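With PDB, C-alpha atoms and all ligand atoms inside, this is start-v7.pdb:
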```pdb
ATOM      1  CA  MET A1279       0.000   0.000   0.000
ATOM      2  CA  LEU A1280       2.961   2.301   0.647
ATOM      3  CA  VAL A1281       4.264   1.614  -2.854
ATOM      4  CA  ARG A1282       0.840   2.573  -4.196
ATOM      5  CA  GLY A1283       1.080   5.944  -2.474
ATOM      6  CA  PHE A1284      -0.900   5.436   0.725
ATOM      7  CA  SER A1285       0.683   7.238   3.667
ATOM      8  CA  ALA A1286       1.855   5.455   6.795
ATOM      9  CA  ARG A1287      -0.272   8.049   8.624
ATOM     10  CA  ASP A1288      -3.455   6.744   6.986
ATOM     11  CA  ILE A1289      -2.489   3.128   7.581
ATOM     12  CA  MET A1290      -1.956   3.865  11.289
ATOM     13  CA  ARG A1291      -5.180   5.875  11.540
ATOM     14  CA  GLN A1292      -6.986   2.940   9.984
ATOM     15  CA  TYR A1293      -5.518   0.467  12.508
ATOM     16  CA  MET A1294      -6.502   2.834  15.337
ATOM     17  CA  ALA A1295     -10.041   3.173  13.859
ATOM     18  CA  LYS A1296      -9.780   6.967  13.972
ATOM     19  CA  GLY A1297     -12.567   9.220  12.703
ATOM     20  CA  ASP A1298     -10.379  10.600   9.905
ATOM     21  CA  SER A1299      -9.058   7.210   8.805
ATOM     22  CA  PRO A1300      -9.808   6.032   5.230
ATOM     23  CA  THR A1301     -12.950   4.217   6.453
ATOM     24  CA  TRP A1302     -13.806   6.844   9.121
ATOM     25  CA  GLY A1303     -13.349   4.277  11.882
ATOM     26  CA  ARG A1304     -15.944   1.929  10.357
ATOM     27  CA  ASP A1305     -13.400  -0.838   9.850
ATOM     28  CA  ALA A1306      -9.883  -1.370  11.051
ATOM     29  CA  SER A1307      -7.014  -3.506   9.780
ATOM     30  CA  SER A1308      -5.999  -3.240   6.131
ATOM     31  CA  HIS A1309      -9.579  -3.213   4.872
ATOM     32  CA  PHE A1310      -9.375  -0.141   2.707
ATOM     33  CA  GLY A1311      -8.357   0.768  -0.805
ATOM     34  CA  ASP A1312      -8.714   3.414  -3.452
ATOM     35  CA  TRP A1313     -10.015   2.085  -6.695
ATOM     36  CA  GLN A1314     -10.323   5.403  -8.477
ATOM     37  CA  ARG A1315      -6.906   6.982  -8.003
ATOM     38  CA  ARG A1316      -4.535   4.281  -6.830
ATOM     39  CA  ASN A1317      -5.963   1.153  -8.460
ATOM     40  CA  VAL A1318      -6.104  -0.619  -5.109
ATOM     41  CA  CYS A1319      -9.084  -2.796  -4.274
ATOM     42  CA  ALA A1320      -9.771  -3.029  -0.525
ATOM     43  CA  PRO A1321      -8.759  -6.451   0.786
ATOM     44  CA  ILE A1322     -11.216  -8.592   2.730
ATOM     45  CA  SER A1323     -10.674 -11.147   5.506
ATOM     46  CA  MET A1324     -12.414 -14.146   3.976
ATOM     47  CA  LEU A1325      -9.483 -16.189   2.743
ATOM     48  CA  GLY A1326      -9.291 -16.611  -1.029
ATOM     49  CA  GLU A1327     -12.274 -14.377  -1.796
ATOM     50  CA  LEU A1328     -10.157 -11.568  -3.203
ATOM     51  CA  ILE A1329      -8.973 -13.848  -6.017
ATOM     52  CA  GLY A1330     -12.504 -13.931  -7.471
ATOM     53  CA  VAL A1331     -12.907 -10.188  -6.951
ATOM     54  CA  MET A1332      -9.633  -9.590  -8.786
ATOM     55  CA  ALA A1333     -10.620 -11.928 -11.620
ATOM     56  CA  GLY A1334     -13.869  -9.937 -11.890
ATOM     57  CA  ILE A1335     -11.943  -6.683 -12.069
ATOM     58  CA  CYS A1336      -9.827  -8.085 -14.919
ATOM     59  CA  LEU A1337     -12.964  -9.284 -16.712
ATOM     60  CA  GLY A1338     -14.649  -5.906 -16.233
ATOM     61  CA  ALA A1339     -11.610  -4.099 -17.627
ATOM     62  CA  ARG A1340     -11.471  -6.400 -20.638
ATOM     63  CA  LEU A1341     -15.134  -5.721 -21.417
ATOM     64  CA  GLN A1342     -14.052  -2.059 -21.497
ATOM     65  CA  GLY A1343     -11.324  -2.889 -23.996
ATOM     66  CA  LYS A1344      -8.303  -3.053 -21.679
ATOM     67  CA  ASN A1345      -6.184  -5.956 -20.476
ATOM     68  CA  VAL A1346      -5.140  -5.114 -16.925
ATOM     69  CA  ALA A1347      -2.984  -7.060 -14.501
ATOM     70  CA  GLY A1348      -4.882  -7.783 -11.290
ATOM     71  CA  LEU A1349      -2.476  -8.814  -8.556
ATOM     72  CA  THR A1350      -3.454 -10.318  -5.245
ATOM     73  CA  TYR A1351      -1.964 -12.448  -2.502
ATOM     74  CA  VAL A1352      -3.066 -15.527  -0.622
ATOM     75  CA  GLY A1353      -1.333 -17.544   2.083
ATOM     76  CA  ASP A1354      -0.467 -21.245   2.155
ATOM     77  CA  GLY A1355      -3.498 -21.633   4.419
ATOM     78  CA  GLY A1356      -5.714 -19.358   2.352
ATOM     79  CA  GLN A1357      -5.019 -21.215  -0.886
ATOM     80  CA  SER A1358      -6.703 -24.334   0.534
ATOM     81  CA  THR A1359     -10.146 -22.727   0.209
ATOM     82  CA  GLY A1360     -12.650 -23.836  -2.411
ATOM     83  CA  VAL A1361     -13.039 -20.323  -3.753
ATOM     84  CA  THR A1362      -9.343 -20.229  -4.664
ATOM     85  CA  TYR A1363      -9.909 -23.130  -7.042
ATOM     86  CA  GLU A1364     -13.079 -21.679  -8.542
ATOM     87  CA  SER A1365     -11.620 -18.232  -9.077
ATOM     88  CA  LEU A1366      -8.285 -19.308 -10.486
ATOM     89  CA  ASN A1367      -9.960 -21.790 -12.804
ATOM     90  CA  LEU A1368     -12.320 -19.106 -14.131
ATOM     91  CA  ALA A1369      -9.385 -16.742 -14.634
ATOM     92  CA  ALA A1370      -7.482 -19.477 -16.514
ATOM     93  CA  VAL A1371     -10.391 -20.364 -18.797
ATOM     94  CA  GLN A1372     -11.147 -16.702 -19.531
ATOM     95  CA  LYS A1373      -7.444 -15.811 -19.844
ATOM     96  CA  LEU A1374      -7.833 -13.013 -17.318
ATOM     97  CA  GLY A1375      -4.730 -11.125 -16.235
ATOM     98  CA  LEU A1376      -4.762 -12.388 -12.675
ATOM     99  CA  VAL A1377      -1.424 -12.555 -10.891
ATOM    100  CA  LEU A1378      -1.722 -14.699  -7.798
ATOM    101  CA  VAL A1379       1.145 -14.583  -5.323
ATOM    102  CA  VAL A1380       0.930 -17.518  -2.917
ATOM    103  CA  GLU A1381       2.924 -16.638   0.172
ATOM    104  CA  ASN A1382       4.065 -20.036   1.357
ATOM    105  CA  ASN A1383       5.362 -19.146   4.800
ATOM    106  CA  LEU A1384       5.134 -22.707   6.208
ATOM    107  CA  TRP A1385       2.322 -21.957   8.678
ATOM    108  CA  GLY A1386      -1.374 -21.322   8.261
ATOM    109  CA  TYR A1387      -2.106 -19.851  11.662
ATOM    110  CA  SER A1388      -0.879 -22.755  13.899
ATOM    111  CA  THR A1389      -1.191 -25.413  11.179
ATOM    112  CA  PRO A1390       2.149 -26.501   9.687
ATOM    113  CA  SER A1391       2.162 -26.755   5.905
ATOM    114  CA  ASP A1392       2.529 -30.572   5.879
ATOM    115  CA  MET A1393      -0.906 -30.728   7.483
ATOM    116  CA  GLN A1394      -2.249 -28.278   4.908
ATOM    117  CA  PHE A1395      -1.214 -29.871   1.587
ATOM    118  CA  CYS A1396       0.614 -32.925   0.192
ATOM    119  CA  VAL A1397       2.260 -31.397  -2.888
ATOM    120  CA  LYS A1398       5.931 -30.499  -2.564
ATOM    121  CA  ASP A1399       5.540 -27.076  -4.148
ATOM    122  CA  LEU A1400       2.306 -25.098  -4.267
ATOM    123  CA  ALA A1401       3.329 -23.879  -7.741
ATOM    124  CA  GLU A1402       2.598 -27.460  -8.890
ATOM    125  CA  ARG A1403      -1.083 -26.589  -8.579
ATOM    126  CA  ALA A1404      -0.657 -24.327 -11.641
ATOM    127  CA  ILE A1405      -0.319 -27.427 -13.868
ATOM    128  CA  ALA A1406      -3.855 -28.463 -12.968
ATOM    129  CA  TYR A1407      -5.213 -25.029 -13.912
ATOM    130  CA  GLY A1408      -3.245 -25.056 -17.190
ATOM    131  CA  ILE A1409      -1.375 -21.864 -16.326
ATOM    132  CA  PRO A1410       2.312 -21.094 -15.694
ATOM    133  CA  GLY A1411       3.535 -21.616 -12.155
ATOM    134  CA  VAL A1412       6.713 -20.027 -10.860
ATOM    135  CA  ILE A1413       8.662 -20.603  -7.658
ATOM    136  CA  VAL A1414      10.647 -17.752  -6.183
ATOM    137  CA  ASP A1415      12.659 -17.264  -3.042
ATOM    138  CA  GLY A1416      10.252 -14.954  -1.225
ATOM    139  CA  THR A1417      13.128 -13.518   0.794
ATOM    140  CA  ASP A1418      14.837 -12.192  -2.343
ATOM    141  CA  PRO A1419      13.194  -8.946  -3.556
ATOM    142  CA  CYS A1420      14.852  -9.205  -6.980
ATOM    143  CA  GLN A1421      13.342 -12.626  -7.677
ATOM    144  CA  VAL A1422       9.939 -11.501  -6.463
ATOM    145  CA  TYR A1423      10.140  -8.375  -8.638
ATOM    146  CA  ASP A1424      11.275 -10.228 -11.773
ATOM    147  CA  ALA A1425       8.624 -12.948 -11.546
ATOM    148  CA  THR A1426       5.876 -10.448 -10.800
ATOM    149  CA  TYR A1427       6.976  -8.147 -13.624
ATOM    150  CA  GLU A1428       6.906 -11.006 -16.101
ATOM    151  CA  ALA A1429       3.476 -12.146 -14.879
ATOM    152  CA  CYS A1430       2.113  -8.595 -15.272
ATOM    153  CA  GLU A1431       3.531  -8.361 -18.794
ATOM    154  CA  ARG A1432       1.754 -11.625 -19.651
ATOM    155  CA  ALA A1433      -1.449 -10.214 -18.199
ATOM    156  CA  HIS A1434      -1.157  -7.030 -20.280
ATOM    157  CA  ARG A1435      -0.660  -9.120 -23.405
ATOM    158  CA  GLY A1436      -3.935 -10.909 -22.636
ATOM    159  CA  GLU A1437      -2.223 -14.266 -22.109
ATOM    160  CA  GLY A1438      -3.927 -15.100 -18.823
ATOM    161  CA  PRO A1439      -3.063 -15.690 -15.183
ATOM    162  CA  THR A1440       0.177 -16.694 -13.473
ATOM    163  CA  LEU A1441       0.628 -18.375 -10.119
ATOM    164  CA  ILE A1442       3.751 -17.342  -8.216
ATOM    165  CA  GLU A1443       4.743 -19.329  -5.167
ATOM    166  CA  ALA A1444       6.996 -17.313  -2.871
ATOM    167  CA  LYS A1445       8.788 -19.501  -0.345
ATOM    168  CA  MET A1446       9.486 -17.856   2.967
ATOM    169  CA  MET A1447       8.867 -18.121   6.697
ATOM    170  CA  ARG A1448       6.367 -16.326   8.891
ATOM    171  CA  MET A1449       8.671 -14.804  11.526
ATOM    172  CA  LYS A1450       5.877 -13.855  13.932
ATOM    173  CA  GLY A1451       2.469 -15.221  14.806
ATOM    174  CA  HIS A1452      -0.430 -14.990  12.395
ATOM    175  CA  ALA A1453      -1.253 -11.658  14.051
ATOM    176  CA  ILE A1454      -0.266  -9.707  17.130
ATOM    177  CA  HIS A1455      -2.525 -11.846  19.372
ATOM    178  CA  ASP A1456      -0.643 -15.011  18.369
ATOM    179  CA  ALA A1457       2.690 -15.587  20.168
ATOM    180  CA  ALA A1458       3.527 -18.511  17.794
ATOM    181  CA  GLN A1459       4.860 -20.685  20.647
ATOM    182  CA  TYR A1460       4.008 -23.749  18.559
ATOM    183  CA  VAL A1461       6.831 -22.906  16.087
ATOM    184  CA  PRO A1462      10.140 -24.704  16.887
ATOM    185  CA  ALA A1463      12.788 -22.116  17.864
ATOM    186  CA  LYS A1464      15.390 -23.530  15.470
ATOM    187  CA  LEU A1465      13.102 -22.846  12.527
ATOM    188  CA  PHE A1466      13.192 -19.169  13.463
ATOM    189  CA  ASP A1467      17.012 -19.348  13.768
ATOM    190  CA  TYR A1468      17.304 -20.890  10.298
ATOM    191  CA  TRP A1469      15.187 -18.219   8.649
ATOM    192  CA  ARG A1470      16.612 -15.315  10.632
ATOM    193  CA  ASN A1471      19.832 -15.869   8.672
ATOM    194  CA  ARG A1472      17.815 -15.280   5.515
ATOM    195  CA  ASP A1473      16.288 -12.005   6.657
ATOM    196  CA  PRO A1474      15.260 -10.304   3.389
ATOM    197  CA  ILE A1475      16.055  -6.793   4.639
ATOM    198  CA  ALA A1476      19.552  -7.673   5.853
ATOM    199  CA  ARG A1477      20.240  -9.590   2.642
ATOM    200  CA  PHE A1478      19.021  -6.789   0.420
ATOM    201  CA  GLU A1479      21.029  -4.208   2.347
ATOM    202  CA  ASN A1480      24.083  -6.373   1.803
ATOM    203  CA  TYR A1481      23.248  -6.686  -1.898
ATOM    204  CA  LEU A1482      22.876  -2.930  -2.385
ATOM    205  CA  ILE A1483      25.879  -1.920  -0.280
ATOM    206  CA  ASN A1484      28.479  -4.681  -0.623
ATOM    207  CA  VAL A1485      27.597  -6.530  -3.824
ATOM    208  CA  LYS A1486      26.359  -3.766  -6.135
ATOM    209  CA  HIS A1487      27.835  -0.701  -4.405
ATOM    210  CA  TRP A1488      24.663   1.215  -5.259
ATOM    211  CA  LEU A1489      24.331   2.500  -1.698
ATOM    212  CA  THR A1490      26.976   3.623   0.785
ATOM    213  CA  VAL A1491      26.772   2.753   4.482
ATOM    214  CA  GLU A1492      26.311   6.459   5.264
ATOM    215  CA  ASP A1493      23.507   6.901   2.716
ATOM    216  CA  ASN A1494      21.810   3.828   4.142
ATOM    217  CA  HIS A1495      21.945   5.243   7.681
ATOM    218  CA  LYS A1496      20.582   8.544   6.464
ATOM    219  CA  LEU A1497      17.797   6.798   4.576
ATOM    220  CA  ILE A1498      16.800   4.824   7.661
ATOM    221  CA  GLU A1499      16.927   7.934   9.856
ATOM    222  CA  ASP A1500      14.742   9.879   7.422
ATOM    223  CA  VAL A1501      12.180   7.090   7.304
ATOM    224  CA  GLU A1502      12.174   6.766  11.129
ATOM    225  CA  ARG A1503      11.599  10.519  11.441
ATOM    226  CA  GLU A1504       8.752  10.414   8.933
ATOM    227  CA  LEU A1505       7.143   7.418  10.659
ATOM    228  CA  GLU A1506       7.411   9.081  14.058
ATOM    229  CA  ALA A1507       5.638  12.196  12.727
ATOM    230  CA  ASP A1508       2.983   9.992  11.112
ATOM    231  CA  ARG A1509       2.513   8.060  14.360
ATOM    232  CA  GLU A1510       2.057  11.256  16.369
ATOM    233  CA  ALA A1511      -0.455  12.593  13.853
ATOM    234  CA  ALA A1512      -2.391   9.307  13.932
ATOM    235  CA  VAL A1513      -2.454   9.236  17.745
ATOM    236  CA  ALA A1514      -3.652  12.866  17.820
ATOM    237  CA  SER A1515      -6.469  12.146  15.335
ATOM    238  CA  PRO A1516      -9.980  12.200  16.825
ATOM    239  CA  MET A1517     -12.045   9.070  17.401
ATOM    240  CA  PRO A1518     -15.238   8.859  15.272
ATOM    241  CA  ASP A1519     -18.155  11.019  16.388
ATOM    242  CA  PRO A1520     -20.661   8.629  18.055
ATOM    243  CA  GLU A1521     -23.552  10.696  16.657
ATOM    244  CA  THR A1522     -22.630   9.686  13.081
ATOM    245  CA  ASP A1523     -22.672   6.051  14.148
ATOM    246  CA  LYS A1524     -26.311   6.189  15.271
ATOM    247  CA  THR A1525     -27.387   6.902  11.715
ATOM    248  CA  HIS A1526     -25.030   4.252  10.293
ATOM    249  CA  GLN A1527     -23.403   7.039   8.301
ATOM    250  CA  GLY A1528     -20.645   5.700   6.070
ATOM    251  CA  VAL A1529     -21.655   2.087   6.640
ATOM    252  CA  TYR A1530     -24.280   1.455   3.965
ATOM    253  CA  CYS A1531     -24.365   2.956   0.475
ATOM    254  CA  ASP A1532     -27.126   5.327  -0.435
ATOM    255  CA  PRO A1533     -27.861   6.613  -3.950
ATOM    256  CA  SER A1534     -25.822   9.785  -3.402
ATOM    257  CA  CYS A1535     -22.798   8.028  -1.994
ATOM    258  CA  HIS A1536     -20.906   7.134  -5.151
ATOM    259  CA  GLU A1537     -21.371   6.223  -8.736
ATOM    260  CA  ILE A1538     -19.601   3.330 -10.418
ATOM    261  CA  LYS A1539     -18.630   4.307 -13.931
ATOM    262  CA  PRO A1540     -16.624   2.312 -16.477
ATOM    263  CA  LYS A1541     -13.027   3.280 -15.938
ATOM    264  CA  TYR A1542     -11.375   2.418 -19.227
ATOM    265  CA  GLY A1543     -14.022   2.935 -21.908
ATOM    266  CA  PRO A1544     -17.539   2.024 -22.993
ATOM    267  CA  VAL A1545     -18.526  -1.539 -22.226
ATOM    268  CA  VAL A1546     -18.398  -3.758 -25.274
ATOM    269  CA  ALA A1547     -19.416  -7.293 -24.393
ATOM    270  CA  LYS A1548     -17.597  -9.583 -26.746
ATOM    271  CA  PRO A1549     -16.663 -13.168 -25.996
ATOM    272  CA  ARG A1550     -12.984 -13.917 -25.685
ATOM    273  CA  GLU A1551     -11.354 -15.355 -28.754
ATOM    274  CA  HIS A1552     -10.994 -19.085 -28.592
ATOM    275  CA  GLY A1553      -7.918 -20.780 -29.933
ATOM    276  CA  PRO A1554      -8.115 -23.261 -32.790
ATOM    277  CA  ALA A1555      -9.773 -26.552 -31.916
ATOM    278  CA  GLY A1556      -7.331 -29.343 -31.153
ATOM    279  CA  PRO A1557      -5.033 -30.350 -28.346
ATOM    280  CA  LYS A1558      -4.423 -27.558 -25.883
ATOM    281  CA  ALA A1559      -0.956 -26.085 -25.764
ATOM    282  CA  VAL A1560      -0.398 -25.773 -22.042
ATOM    283  CA  GLU A1561       2.870 -24.481 -20.700
ATOM    284  CA  ALA A1562       4.328 -26.728 -18.062
ATOM    285  CA  ALA A1563       5.045 -25.048 -14.781
ATOM    286  CA  GLY A1564       8.367 -23.266 -15.196
ATOM    287  CA  HIS A1565      10.339 -23.174 -12.006
ATOM    288  CA  LEU A1566      12.843 -20.460 -11.257
ATOM    289  CA  LYS A1567      15.805 -21.296  -9.114
TER
HETATM  290  C1  LIG B   1     -12.703 -18.537   4.494
HETATM  291  C2  LIG B   1     -11.971 -18.349   5.789
HETATM  292  N1  LIG B   1     -11.810 -19.401   6.629
HETATM  293  C3  LIG B   1     -11.186 -19.245   7.807
HETATM  294  C4  LIG B   1     -10.714 -18.017   8.193
HETATM  295  C5  LIG B   1      -9.991 -17.853   9.536
HETATM  296  N2  LIG B   1      -8.570 -17.682   9.339
HETATM  297  C6  LIG B   1      -8.002 -16.478   9.353
HETATM  298  S1  LIG B   1      -6.370 -16.537   9.063
HETATM  299  C7  LIG B   1      -6.360 -18.230   8.940
HETATM  300  C8  LIG B   1      -5.078 -18.973   8.631
HETATM  301  C9  LIG B   1      -4.510 -18.505   7.307
HETATM  302  O1  LIG B   1      -3.283 -19.122   7.003
HETATM  303  P1  LIG B   1      -2.300 -18.419   5.975
HETATM  304  O2  LIG B   1      -3.077 -18.022   4.775
HETATM  305  O3  LIG B   1      -1.156 -19.347   5.751
HETATM  306  O4  LIG B   1      -1.869 -17.091   6.738
HETATM  307  P2  LIG B   1      -0.671 -16.913   7.815
HETATM  308  O5  LIG B   1      -1.037 -17.671   9.056
HETATM  309  O6  LIG B   1       0.575 -17.384   7.189
HETATM  310  O7  LIG B   1      -0.648 -15.427   8.095
HETATM  311  C10 LIG B   1      -7.645 -18.716   9.132
HETATM  312  C11 LIG B   1      -7.999 -20.139   9.074
HETATM  313  C12 LIG B   1     -10.908 -16.926   7.291
HETATM  314  N3  LIG B   1     -10.478 -15.691   7.561
HETATM  315  N4  LIG B   1     -11.536 -17.123   6.102
HETATM  316 MG    MG B   2       0.852 -19.019   6.013
END
```

Could you write out this file's structure as structure tokens?
Amino acid sequence: MLVRGFSARDIMRQYMAKGDSPTWGRDASSHFGDWQRRNVCAPISMLGELIGVMAGICLGARLQGKNVAGLTYVGDGGQSTGVTYESLNLAAVQKLGLVLVVENNLWGYSTPSDMQFCVKDLAERAIAYGIPGVIVDGTDPCQVYDATYEACERAHRGEGPTLIEAKMMRMKGHAIHDAAQYVPAKLFDYWRNRDPIARFENYLINVKHWLTVEDNHKLIEDVERELEADREAAVASPMPDPETDKTHQGVYCDPSCHEIKPKYGPVVAKPREHGPAGPKAVEAAGHLK
């Protein structure tokens, strides 16, 4: 959300359910977006459901004459839901530009991944949908960027969805209320050595020499200062006015609340072009190292 231009101030206000947060204190967590200006669809908590929403967005855009890339994430636990299958299958058949990043972090809440699925790699699932599947080291930003970039390019060319499995470890509990005591300590030790931030710092400073140690310190200090100011502003923000709650203001839509207009052009409903009849040419899952 930061990359998309949301401020840390708004994210904190949202978590604190403040009256001037993006949802005016009507919801907390990350449940907000900005479809009009930032092309971000608000995430929802029901695991896997956003995949269908994103496929729908891609379909809607195509009916308006534009192939967009619709990117969303699901966890190793979340991908076990029925709706994941239904949505990804629809996206595959319709060649929608869905980019699904499966964050395989070895735990779905307290359930270890070997109690969640029997396949070795979740990217293997792509074969059954007839779409490309890619495995990346989720602790290496360059791999994640490259695979995602390629998947988005495919989406823009109208070639359909891509499943990216990012292998990593969940270094905390599922959320702040979960102390993750069920995770063996040595698993944390193993993955701590692969800390993506430390590794990327090393890459930028020592391998590529694109950043000096001093510039890095300054960068971190600037960000800390900005975050501190954002935190203070969020704490100082008012709580929602209880009077507005009595009328359910900002909870339900009314006719004056907003209008949904086609974003890319007039809607032209035309069926997708089918390939020539005959055996299907399906790419096998390509695995990155
Ligand atoms: C459809 C659905 N079922 C159950 C839940 C409850 N739930 C929330 S998080 C979670 C575990 C998700 O595991 P994973 O996707 O691996 O996330 P992680 O624990 O790695 O953060 C469950 C079962 C939910 N939000 N939605
Ligand atoms: Mg998980």

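When atom CA of A:Ala1404 is paired with atom C9 of ligand LIG 1 (chain B), their separation reads 20.2 Å.
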
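Near A:Asp1305, within a cut-off of 12 Å and counting all atoms listed in the file, sit the residues Ile1289, Arg1291, Gln1292, Tyr1293, Met1294, Ala1295, Lys1296, Gly1297, Asp1298, Ser1299, Gly1311, Ala1320, Pro1321, Ile1322, Ser1323, Pro1518, Gly1528 and Val1529 of chain A, with same-chain residues fewer than 6 positions away left out.
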
Store the residues picked out above, limited to C-alpha atoms, as a compact mmCIF listing (two decimals), in the frame of the given file.
```txt
# COMPACT_ATOMS: atom_id res chain seq x y z
CA ILE A 1289 -2.49 3.13 7.58
CA ARG A 1291 -5.18 5.88 11.54
CA GLN A 1292 -6.99 2.94 9.98
CA TYR A 1293 -5.52 0.47 12.51
CA MET A 1294 -6.50 2.83 15.34
CA ALA A 1295 -10.04 3.17 13.86
CA LYS A 1296 -9.78 6.97 13.97
CA GLY A 1297 -12.57 9.22 12.70
CA ASP A 1298 -10.38 10.60 9.90
CA SER A 1299 -9.06 7.21 8.80
CA GLY A 1311 -8.36 0.77 -0.80
CA ALA A 1320 -9.77 -3.03 -0.52
CA PRO A 1321 -8.76 -6.45 0.79
CA ILE A 1322 -11.22 -8.59 2.73
CA SER A 1323 -10.67 -11.15 5.51
CA PRO A 1518 -15.24 8.86 15.27
CA GLY A 1528 -20.64 5.70 6.07
CA VAL A 1529 -21.66 2.09 6.64
```

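The two atoms in question, atom CA of A:Lys1445 and atom O5 of ligand LIG 1 (chain B), are spaced 13.7 Å apart.
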
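Residues of protein or nucleic acid lying within 8 Å of ligand LIG 1 (chain B), counting only C-alpha atoms and all ligand atoms, are Ser1323, Met1324, Leu1325, Gly1326, Glu1327, Val1352, Gly1353, Asp1354, Gly1355, Gly1356, Gln1357, Thr1359, Glu1381, Asn1382, Asn1383, Leu1384, Trp1385, Gly1386, Tyr1387, Ser1388, Thr1389, Arg1448, Gly1451, His1452 and Ala1453 of chain A.
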
Would you compute an axis-aligned box for stretch 1319-1332 of chain A, covering every atom listed for it in the file with 6 Å of margin on each side, and report centre and edge lengths in Å to one decimal as AutoDock Vina command-line options?
```
--center_x -10.8 --center_y -9.7 --center_z -1.6 --size_x 16.1 --size_y 25.8 --size_z 26.3
```

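For the set A:Arg1509, A:Gly1543, A:Ala1306, A:Pro1516, the residue with the smallest atom-to-atom gap to A:Ser1285 is A:Arg1509, counting all atoms listed in the file.
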
Around (-5.6, -17.9, -15.9), as given in the file, which residues come within 8 Å? Count only C-alpha atoms and list them as a short mmCIF file (atom, residue, chain, number, x, y, z; two decimals) with C-alpha atoms, keeping the file's coordinate frame.
```
data_model
loop_
_atom_site.label_atom_id
_atom_site.label_comp_id
_atom_site.auth_asym_id
_atom_site.auth_seq_id
_atom_site.Cartn_x
_atom_site.Cartn_y
_atom_site.Cartn_z
CA LEU A 1366 -8.28 -19.31 -10.49
CA ASN A 1367 -9.96 -21.79 -12.80
CA LEU A 1368 -12.32 -19.11 -14.13
CA ALA A 1369 -9.38 -16.74 -14.63
CA ALA A 1370 -7.48 -19.48 -16.51
CA VAL A 1371 -10.39 -20.36 -18.80
CA GLN A 1372 -11.15 -16.70 -19.53
CA LYS A 1373 -7.44 -15.81 -19.84
CA LEU A 1374 -7.83 -13.01 -17.32
CA GLY A 1375 -4.73 -11.12 -16.24
CA LEU A 1376 -4.76 -12.39 -12.68
CA TYR A 1407 -5.21 -25.03 -13.91
CA GLY A 1408 -3.24 -25.06 -17.19
CA ILE A 1409 -1.38 -21.86 -16.33
CA GLU A 1437 -2.22 -14.27 -22.11
CA GLY A 1438 -3.93 -15.10 -18.82
CA PRO A 1439 -3.06 -15.69 -15.18
CA THR A 1440 0.18 -16.69 -13.47
#
```

Resolved residues for the PyMOL selection byres (((chain A and resi 1442) around 10) and not hetatm) as a PyMOL selection string: chain A and resi 1351+1377-1382+1400-1401+1404+1410-1414+1416+1422+1425-1426+1429+1439-1441+1443-1445+1565

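Distances to ligand MG 2 (chain B) were evaluated for A:Gly1283, A:Ile1335, A:Gln1342, A:Met1393 using all atoms listed in the file, and the minimum falls at A:Met1393.
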
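The space between atom CA of A:Gly1343 and atom CA of A:His1536 spans 23.4 Å.
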
Surrounding residues of A:Pro1540 excluding itself and chain neighbours under 6 positions, 10 Å, all atoms listed in the file, as a PyMOL selection string: chain A and resi 1338-1339+1341-1342

Top pick for closest residue to ligand MG 2 (chain B), considering A:Met1447, A:Ala1433, A:Met1279, A:Val1331 and counting only C-alpha atoms and all ligand atoms: A:Met1447

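If you measure from each of A:Pro1474, A:Pro1462, A:Pro1300, A:Pro1390 to ligand MG 2 (chain B) using all atoms listed in the file, the closest one turns out to be A:Pro1390.
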
Contacts of A:Pro1520 at 12 Å (all atoms listed in the file; same-chain gap of 4+ positions) as a count of residues only: 10

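Minimum atom-to-atom distance to ligand MG 2 (chain B), evaluated using all atoms listed in the file, belongs to A:Asp1392 out of A:Asp1418, A:Asp1288, A:Asp1532, A:Asp1392.
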
Which residue of A:Cys1396, A:Val1361, A:Lys1541, A:His1495 approaches A:Cys1336 most closely, using only C-alpha atoms: A:Lys1541
